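> Contents of input_5.txt (compact mmCIF, C-alpha atoms) are below:
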```
# COMPACT_ATOMS: atom_id res chain seq x y z
CA MET A 1 -42.68 6.73 -85.13
CA ASN A 2 -39.49 7.15 -87.20
CA ILE A 3 -39.65 7.33 -90.99
CA VAL A 4 -36.68 6.99 -93.34
CA VAL A 5 -37.23 7.10 -97.11
CA PHE A 6 -34.37 5.27 -98.83
CA SER A 7 -35.62 5.97 -102.35
CA SER A 8 -38.72 7.40 -104.03
CA GLY A 9 -39.58 7.56 -107.73
CA SER A 10 -39.43 5.54 -110.91
CA GLU A 11 -35.82 4.52 -110.16
CA GLY A 12 -36.96 2.65 -107.05
CA ASN A 13 -39.09 2.91 -103.94
CA CYS A 14 -38.20 1.78 -100.44
CA THR A 15 -39.06 3.22 -97.02
CA LEU A 16 -38.17 2.18 -93.48
CA LEU A 17 -40.68 2.66 -90.69
CA ARG A 18 -39.54 2.19 -87.08
CA ALA A 19 -42.48 1.92 -84.71
CA ASN A 20 -42.94 0.23 -81.31
CA ASN A 21 -39.56 -1.52 -81.58
CA LEU A 22 -40.49 -2.93 -85.01
CA ASN A 23 -38.59 -2.28 -88.21
CA ILE A 24 -40.89 -2.34 -91.24
CA LEU A 25 -39.93 -1.91 -94.88
CA ILE A 26 -42.42 -0.57 -97.40
CA ASP A 27 -41.57 -1.74 -100.91
CA ALA A 28 -38.25 -3.15 -102.12
CA GLY A 29 -37.69 -1.28 -105.37
CA ILE A 30 -33.93 -1.00 -104.88
CA SER A 31 -31.38 -3.81 -104.71
CA LYS A 32 -30.82 -5.78 -101.53
CA ARG A 33 -27.29 -4.40 -101.48
CA GLN A 34 -28.66 -0.86 -101.44
CA ILE A 35 -31.15 -1.80 -98.74
CA ASP A 36 -28.38 -3.33 -96.64
CA LEU A 37 -26.27 -0.20 -97.05
CA ASN A 38 -29.12 2.10 -96.07
CA LEU A 39 -30.00 -0.02 -93.05
CA SER A 40 -26.39 0.01 -91.89
CA ASN A 41 -26.55 3.80 -91.67
CA TYR A 42 -29.04 3.28 -88.85
CA ASN A 43 -27.11 0.43 -87.20
CA LEU A 44 -29.54 -2.12 -88.59
CA SER A 45 -29.25 -5.19 -90.83
CA ILE A 46 -31.86 -6.97 -92.89
CA ASN A 47 -32.17 -9.50 -90.06
CA ASP A 48 -33.52 -6.68 -87.88
CA VAL A 49 -36.42 -6.09 -90.28
CA ASN A 50 -39.64 -7.65 -89.03
CA ALA A 51 -41.87 -7.20 -92.07
CA LEU A 52 -41.92 -6.03 -95.68
CA PHE A 53 -45.09 -4.59 -97.25
CA ILE A 54 -45.33 -4.49 -101.05
CA THR A 55 -47.67 -2.05 -102.80
CA HIS A 56 -47.66 -3.78 -106.21
CA GLU A 57 -45.58 -5.75 -108.68
CA HIS A 58 -43.94 -3.06 -110.84
CA ILE A 59 -40.15 -3.38 -110.88
CA ASP A 60 -39.52 -0.04 -109.14
CA HIS A 61 -41.26 -1.55 -106.12
CA ILE A 62 -39.92 -5.13 -106.12
CA LYS A 63 -36.40 -4.96 -107.58
CA GLY A 64 -34.83 -6.41 -104.43
CA LEU A 65 -37.64 -8.82 -103.59
CA ALA A 66 -36.11 -11.97 -105.05
CA MET A 67 -33.05 -11.65 -102.81
CA LEU A 68 -35.12 -10.69 -99.78
CA LEU A 69 -37.03 -13.95 -100.12
CA LYS A 70 -33.85 -15.66 -98.98
CA VAL A 71 -33.84 -13.83 -95.63
CA ASP A 72 -35.07 -16.15 -92.90
CA GLY A 73 -37.79 -14.74 -90.69
CA LEU A 74 -38.73 -11.83 -92.92
CA HIS A 75 -42.49 -11.82 -93.39
CA ILE A 76 -43.63 -10.32 -96.68
CA TYR A 77 -47.13 -8.89 -97.10
CA LEU A 78 -48.63 -8.29 -100.55
CA SER A 79 -51.96 -8.57 -102.29
CA LYS A 80 -53.01 -11.85 -103.81
CA GLY A 81 -53.17 -10.14 -107.19
CA ALA A 82 -49.60 -8.87 -106.90
CA PHE A 83 -48.40 -12.29 -105.78
CA ASN A 84 -49.97 -13.97 -108.80
CA ALA A 85 -48.50 -11.34 -111.12
CA ILE A 86 -44.96 -12.08 -109.94
CA TYR A 87 -45.38 -15.79 -109.25
CA ALA A 88 -42.32 -16.63 -111.35
CA ILE A 89 -40.18 -15.13 -108.58
CA TYR A 90 -41.73 -17.40 -105.99
CA LYS A 91 -42.42 -20.69 -107.68
CA ASN A 92 -38.93 -22.12 -107.27
CA SER A 93 -38.48 -20.76 -103.78
CA SER A 94 -38.91 -22.62 -100.50
CA LYS A 95 -39.72 -19.28 -98.87
CA VAL A 96 -43.29 -18.98 -100.11
CA LYS A 97 -44.41 -19.56 -96.53
CA GLN A 98 -42.94 -16.15 -95.67
CA CYS A 99 -45.46 -14.44 -97.96
CA GLU A 100 -48.73 -13.34 -96.41
CA LEU A 101 -51.35 -12.84 -99.12
CA LEU A 102 -53.74 -9.99 -98.46
CA GLU A 103 -57.15 -10.82 -99.87
CA LYS A 104 -60.16 -8.58 -100.31
CA LYS A 105 -62.92 -9.25 -97.80
CA TYR A 106 -66.14 -7.72 -96.62
CA ARG A 107 -66.00 -6.35 -93.10
CA ALA A 108 -68.89 -5.93 -90.70
CA GLY A 109 -70.24 -2.39 -90.66
CA GLU A 110 -68.37 -1.40 -93.83
CA ILE A 111 -70.40 -3.11 -96.52
CA HIS A 112 -71.84 0.30 -97.47
CA LEU A 113 -68.37 1.32 -98.65
CA ILE A 114 -68.00 -1.54 -101.08
CA SER A 115 -70.32 -0.20 -103.74
CA ARG A 116 -68.70 3.22 -103.45
CA ILE A 117 -65.12 2.10 -104.01
CA LYS A 118 -64.76 1.34 -107.69
CA ASP A 119 -63.62 -2.21 -108.46
CA SER A 120 -62.52 -2.81 -104.87
CA ILE A 121 -63.58 -3.88 -101.42
CA LEU A 122 -61.78 -3.47 -98.14
CA TYR A 123 -59.13 -5.73 -96.66
CA PRO A 124 -58.71 -7.11 -93.15
CA ASP A 125 -56.17 -5.33 -90.97
CA VAL A 126 -52.72 -6.73 -90.24
CA ALA A 127 -51.57 -6.73 -86.60
CA LEU A 128 -47.82 -6.74 -85.93
CA ASP A 129 -47.40 -6.71 -82.15
CA ASP A 130 -48.48 -3.18 -81.22
CA VAL A 131 -48.54 -1.86 -84.79
CA LEU A 132 -51.83 -2.10 -86.69
CA VAL A 133 -51.83 -1.83 -90.48
CA ASN A 134 -54.90 -0.92 -92.54
CA ILE A 135 -54.74 -2.14 -96.14
CA LEU A 136 -56.35 0.22 -98.66
CA PRO A 137 -57.17 -0.25 -102.34
CA THR A 138 -55.37 2.03 -104.77
CA PHE A 139 -56.07 2.55 -108.46
CA HIS A 140 -53.12 1.81 -110.71
CA ASP A 141 -52.40 -0.23 -113.83
CA ALA A 142 -51.21 -3.16 -111.77
CA ALA A 143 -52.84 -6.46 -110.90
CA GLU A 144 -53.97 -5.35 -107.43
CA SER A 145 -52.19 -2.33 -105.98
CA ILE A 146 -52.60 -1.32 -102.35
CA GLY A 147 -51.66 1.41 -99.89
CA PHE A 148 -51.26 1.38 -96.12
CA VAL A 149 -52.08 3.16 -92.90
CA PHE A 150 -49.68 2.28 -90.08
CA HIS A 151 -50.92 2.86 -86.54
CA GLU A 152 -48.57 3.23 -83.57
CA GLY A 153 -50.87 3.88 -80.64
CA GLU A 154 -52.72 7.11 -81.46
CA LYS A 155 -50.28 8.03 -84.24
CA LYS A 156 -50.63 7.02 -87.85
CA LEU A 157 -48.68 7.16 -91.09
CA VAL A 158 -50.55 7.10 -94.42
CA TYR A 159 -48.57 5.63 -97.34
CA ILE A 160 -50.20 5.95 -100.77
CA THR A 161 -48.31 6.07 -104.07
CA ASP A 162 -48.93 4.76 -107.60
CA THR A 163 -52.60 5.57 -107.86
CA GLY A 164 -54.67 7.59 -110.27
CA TYR A 165 -56.75 8.99 -107.43
CA VAL A 166 -57.74 8.46 -103.82
CA HIS A 167 -61.42 7.63 -103.57
CA GLN A 168 -63.31 9.81 -101.11
CA SER A 169 -64.69 6.72 -99.38
CA LEU A 170 -61.16 6.15 -98.07
CA TYR A 171 -60.95 9.57 -96.44
CA PRO A 172 -62.20 8.36 -93.04
CA PHE A 173 -59.32 5.87 -92.91
CA ILE A 174 -56.62 8.40 -93.76
CA ASN A 175 -57.86 11.60 -92.16
CA ASN A 176 -55.92 13.57 -89.53
CA ALA A 177 -52.76 11.44 -89.68
CA GLU A 178 -49.53 12.63 -88.13
CA ALA A 179 -47.64 11.88 -91.35
CA TYR A 180 -48.43 11.33 -95.02
CA ILE A 181 -46.30 9.87 -97.78
CA LEU A 182 -48.48 10.70 -100.76
CA GLU A 183 -47.80 10.60 -104.47
CA SER A 184 -47.37 13.91 -106.29
CA ASN A 185 -46.09 12.52 -109.55
CA HIS A 186 -46.37 15.11 -112.29
CA ASP A 187 -47.60 18.43 -113.57
CA PRO A 188 -50.03 17.70 -116.46
CA GLU A 189 -48.79 20.58 -118.62
CA ILE A 190 -45.15 19.54 -118.27
CA LEU A 191 -46.17 15.94 -118.94
CA MET A 192 -48.04 16.82 -122.13
CA HIS A 193 -45.06 18.84 -123.43
CA SER A 194 -42.59 16.08 -122.59
CA SER A 195 -41.04 13.70 -125.11
CA ARG A 196 -42.95 10.73 -123.71
CA PRO A 197 -45.10 8.73 -126.14
CA TYR A 198 -48.72 9.84 -126.29
CA PRO A 199 -50.12 6.48 -125.01
CA LEU A 200 -47.84 6.73 -121.97
CA LYS A 201 -49.06 10.26 -121.29
CA MET A 202 -52.65 9.05 -121.41
CA ARG A 203 -51.82 6.15 -119.11
CA ILE A 204 -50.27 8.47 -116.52
CA LEU A 205 -53.24 10.85 -116.67
CA SER A 206 -55.83 8.08 -116.38
CA GLU A 207 -57.70 6.96 -113.26
CA HIS A 208 -55.28 4.04 -113.04
CA GLY A 209 -52.13 6.08 -113.62
CA HIS A 210 -50.44 8.53 -111.26
CA MET A 211 -51.69 11.47 -109.22
CA SER A 212 -50.73 14.93 -110.40
CA ASN A 213 -49.59 17.71 -108.09
CA GLU A 214 -53.08 19.17 -107.97
CA ASP A 215 -54.72 15.77 -107.38
CA SER A 216 -52.37 15.19 -104.47
CA MET A 217 -52.93 18.62 -102.90
CA VAL A 218 -56.72 18.38 -103.18
CA THR A 219 -56.58 14.98 -101.46
CA LEU A 220 -54.40 16.41 -98.69
CA CYS A 221 -56.74 19.36 -98.18
CA ASN A 222 -59.59 16.89 -97.64
CA VAL A 223 -57.81 14.73 -95.07
CA ILE A 224 -55.14 16.60 -93.10
CA GLY A 225 -56.09 17.71 -89.60
CA PRO A 226 -54.77 19.23 -86.38
CA LYS A 227 -52.50 16.23 -85.75
CA THR A 228 -50.77 16.46 -89.14
CA LYS A 229 -47.10 17.38 -88.74
CA LEU A 230 -45.36 15.92 -91.79
CA VAL A 231 -46.23 15.57 -95.49
CA MET A 232 -43.83 13.89 -97.90
CA HIS A 233 -44.49 14.40 -101.60
CA ALA A 234 -43.51 11.05 -103.15
CA HIS A 235 -42.90 9.29 -106.48
CA ILE A 236 -42.07 12.56 -108.21
CA SER A 237 -41.33 12.36 -111.94
CA GLN A 238 -37.84 13.59 -112.79
CA GLU A 239 -38.92 14.51 -116.32
CA CYS A 240 -42.46 15.77 -115.77
CA ASN A 241 -42.35 17.69 -112.51
CA LEU A 242 -40.39 20.50 -110.87
CA SER A 243 -40.03 21.30 -107.20
CA ARG A 244 -41.03 24.93 -107.77
CA VAL A 245 -44.13 23.94 -109.74
CA LEU A 246 -45.12 21.50 -107.01
CA GLU A 247 -44.68 24.17 -104.34
CA LEU A 248 -46.68 26.74 -106.30
CA THR A 249 -49.49 24.23 -106.85
CA ARG A 250 -49.51 23.34 -103.16
CA GLY A 251 -49.65 27.01 -102.17
CA LYS A 252 -52.53 27.76 -104.53
CA VAL A 253 -54.65 24.73 -103.61
CA PHE A 254 -54.13 25.13 -99.87
CA LYS A 255 -54.97 28.84 -100.12
CA ASP A 256 -58.12 28.05 -102.12
CA TYR A 257 -59.21 25.60 -99.40
CA GLY A 258 -58.30 28.08 -96.66
CA ILE A 259 -55.97 25.60 -94.93
CA PRO A 260 -52.95 27.00 -93.02
CA THR A 261 -49.65 25.16 -93.36
CA ASP A 262 -47.52 26.87 -90.70
CA ASN A 263 -47.37 23.80 -88.45
CA ILE A 264 -46.76 21.23 -91.20
CA GLU A 265 -43.35 20.21 -92.52
CA PHE A 266 -43.40 19.52 -96.26
CA VAL A 267 -40.69 17.35 -97.81
CA ILE A 268 -40.17 16.82 -101.55
CA LEU A 269 -38.76 13.32 -101.95
CA ARG A 270 -36.26 12.61 -104.68
CA PRO A 271 -34.46 9.41 -105.79
CA SER A 272 -32.05 8.15 -103.13
CA ALA A 273 -33.78 10.33 -100.57
CA SER A 274 -32.45 10.03 -97.07
CA GLY A 275 -32.94 11.52 -93.64
CA GLU A 276 -34.88 10.45 -90.59
CA PHE A 277 -38.21 12.06 -89.71
CA ILE A 278 -39.82 11.62 -86.30
CA VAL A 279 -43.50 12.14 -85.60
```
Write out the structure in this file as structure tokens.

Amino acid sequence: MNIVVFSSGSEGNCTLLRANNLNILIDAGISKRQIDLNLSNYNLSINDVNALFITHEHIDHIKGLAMLLKVDGLHIYLSKGAFNAIYAIYKNSSKVKQCELLEKKYRAGEIHLISRIKDSILYPDVALDDVLVNILPTFHDAAESIGFVFHEGEKKLVYITDTGYVHQSLYPFINNAEAYILESNHDPEILMHSSRPYPLKMRILSEHGHMSNEDSMVTLCNVIGPKTKLVMHAHISQECNLSRVLELTRGKVFKDYGIPTDNIEFVILRPSASGEFIV
């Protein structure tokens, strides 16, 4: 499983996952030109991409989507709510058939989870050849935001950004993964002393905003396991977070939980992040 983050943050989000001979993009929050350029660095073109998964409809996640709709054979997966929220992009396109709408459904044996996950129920899995994708509800001020767990055999990558929290009922789906790309957006004290408008501060701090450093670390401490080798701190605010503050928070929370980190690689993702990670 090879992971390349092209960009992470409010300026744009886009990640390439290479698994079982498939090339999968997660979000398209940068231009198609930028995506093409990044792919070329790995001897790939957009025609080599098998699928695109969209978390939600905010522009830093779909900036390049309109142009990607013109790529023949590229299957695009997004929630029905996100699709409806950005329908103007699709309505004049003949490529609607390339969009797979992910709809909430009850699943046998998991009905007990439904009442425990606020405002959400679980989604059916997506099978792409030998890669299985779990679709998870996230909690953000979007029409219907989602996160993903990508399975390559016994290995899995958890991808969750743009959420106010991760509900504990999702822990069984994301526990003991080899790799995590998890939001660590802000430090609340830095946020509150920033020049951002007060309503925006409250939005970010809400249950449908963004996870703080501490929120992210507590979640990680509840789900990482012996298989975990890589953690990428994602969607970091340039104005309301600092690498050193994030690292200090991580150290304190992990120490409080008594969790060793010697065998885990931690990566702080910044805009236009690059580099290939193999797990």
> In Å to one decimal, how far is CA of Ser31 in chain A from CA of Ser274 in chain A?
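Between CA of Ser274 in chain A and CA of Ser31 in chain A the gap works out to 15.8 Å.
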> Let me make sure I understand: among A:Ile24, A:Ile146, A:Met217, A:Cys99, which one has the smallest atom-to-atom distance to His56 in chain A if we use all atoms listed in the file?
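Once distances to His56 in chain A are computed over all atoms listed in the file, the minimum belongs to A:Ile146.
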> Hey, could you make a per-residue contact list for range 230-274 of chain A against range 180-189 of chain A with 12 Å as the cut-off, showing the nearest pair of atoms and its distance in Å to one decimal, counting all atoms listed in the file, sorted by chain and number, as a Markdown table?

```
| residue | atom | partner | partner_atom | distance |
| --- | --- | --- | --- | --- |
| A:Leu230 | CA | A:Tyr180 | CA | 6.4 |
| A:Val231 | CA | A:Tyr180 | CA | 4.8 |
| A:Met232 | CA | A:Ile181 | CA | 4.7 |
| A:His233 | CA | A:Leu182 | CA | 5.5 |
| A:Ala234 | CA | A:Glu183 | CA | 4.5 |
| A:His235 | CA | A:Glu183 | CA | 5.5 |
| A:Ile236 | CA | A:Asn185 | CA | 4.2 |
| A:Ser237 | CA | A:Asn185 | CA | 5.3 |
| A:Gln238 | CA | A:His186 | CA | 8.7 |
| A:Glu239 | CA | A:His186 | CA | 8.5 |
| A:Cys240 | CA | A:His186 | CA | 5.3 |
| A:Asn241 | CA | A:His186 | CA | 4.8 |
| A:Leu242 | CA | A:Asp187 | CA | 8.0 |
| A:Ser243 | CA | A:His186 | CA | 10.2 |
| A:Arg244 | CA | A:Asp187 | CA | 10.9 |
| A:Val245 | CA | A:Asp187 | CA | 7.6 |
| A:Leu246 | CA | A:Asp187 | CA | 7.7 |
| A:Glu247 | CA | A:Ser184 | CA | 10.8 |
| A:Leu248 | CA | A:Asp187 | CA | 11.1 |
| A:Thr249 | CA | A:Asp187 | CA | 9.1 |
| A:Arg250 | CA | A:Ser184 | CA | 10.2 |
| A:Ile264 | CA | A:Tyr180 | CA | 10.7 |
| A:Glu265 | CA | A:Tyr180 | CA | 10.5 |
| A:Phe266 | CA | A:Tyr180 | CA | 9.7 |
| A:Val267 | CA | A:Ile181 | CA | 9.4 |
| A:Ile268 | CA | A:Ser184 | CA | 9.1 |
| A:Leu269 | CA | A:Ile181 | CA | 9.3 |
| A:Arg270 | CA | A:Asn185 | CA | 11.0 |
```
> Provide the CA of Asn175 in chain A to CA of Val223 in chain A distance in Å, to one decimal place.
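Interatomic distance here is 4.3 Å.
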> What does the distance from CA of Glu276 in chain A to CA of Leu170 in chain A come to in Å, to one decimal?
27.7 Å
> Restricting the calculation to only C-alpha atoms: of A:Ser212, A:Asn41, A:Asn176, A:Asn2, which residue gets closest to Ile224 in chain A?
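Counting only C-alpha atoms, the residue closest to Ile224 in chain A is A:Asn176.
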> Excluding Lys201 in chain A and its own-chain neighbours fewer than 6 positions away, which residues fall within 10 Å of it when counting only C-alpha atoms? Please give them as a list in words.
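Those residues are Pro188, Leu191, Met192, His193, Ser194, Ser195 and Gly209 of chain A.
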> Ala143 in chain A: which residues within 8 Å, counting only C-alpha atoms, same-chain residues fewer than 2 positions away excluded, as a PyMOL selection string?
chain A and resi 56-57+81-82+85+141+145
> For Phe173 in chain A, list every protein, DNA or RNA residue within 10 Å, evaluated using only C-alpha atoms, and leave out those in the same chain fewer than 5 positions away; present the list as a PyMOL selection string.
chain A and resi 134-136+148-149+158+168+223
> Nearest to Gln98 in chain A among A:His151, A:Lys70, A:Lys229, A:Lys255, with distances taken over only C-alpha atoms: which residue is it?
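That would be A:Lys70, the residue with the smallest distance to Gln98 in chain A.
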> Can you tell me, as a list in words, what residues are no more than 9 Å from Asn38 in chain A when counting only C-alpha atoms, ignoring any on the same chain fewer than 6 positions away?
Phe6, Leu44, Ser45 and Ser274 of chain A
> Can you find the residues with an atom no farther than 10 Å from (-38.8, -5.7, -106.7), counting only C-alpha atoms, and report them as a list of chain:residue names?
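The answer, in the requested form, is A:Gly12, A:Asn13, A:Cys14, A:Asp27, A:Ala28, A:Gly29, A:Ile30, A:Ser31, A:Lys32, A:Ile54, A:His56, A:Glu57, A:His58, A:Ile59, A:Asp60, A:His61, A:Ile62, A:Lys63, A:Gly64, A:Leu65, A:Ala66, A:Met67, A:Leu68, A:Ile86, A:Ile89.
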> Looking at A:Glu178, A:Gly164, A:Ala51, A:Val218, which one is nearest to Asn263 in chain A, with distances taken over all atoms listed in the file?
A:Glu178
> Set the distance at 6 Å and use only C-alpha atoms: which residues neighbour Met1 in chain A once local chain neighbours fewer than 3 positions away are removed? I'd like the list as a PyMOL selection string.
chain A and resi 18-19+278-279
> From the options A:Ile46, A:Ala273, A:Leu37, A:Leu122, which residue's atoms come nearest to Ser79 in chain A, counting only C-alpha atoms?
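Among the listed residues, the smallest separation from Ser79 in chain A belongs to A:Leu122.
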> Have a look at A:Ile3, A:Leu102, A:Asp48, A:Asn84 and name the one nearest to Thr15 in chain A; count all atoms listed in the file.
A:Ile3
> Quick one: axis-aligned box around all listed atoms of range 22-33 of chain A, 8 Å on every side, centre and edge lengths in Å to one decimal, written as JSON.

```
{"center_x": -34.9, "center_y": -3.2, "center_z": -95.2, "size_x": 31.1, "size_y": 21.2, "size_z": 36.4}
```
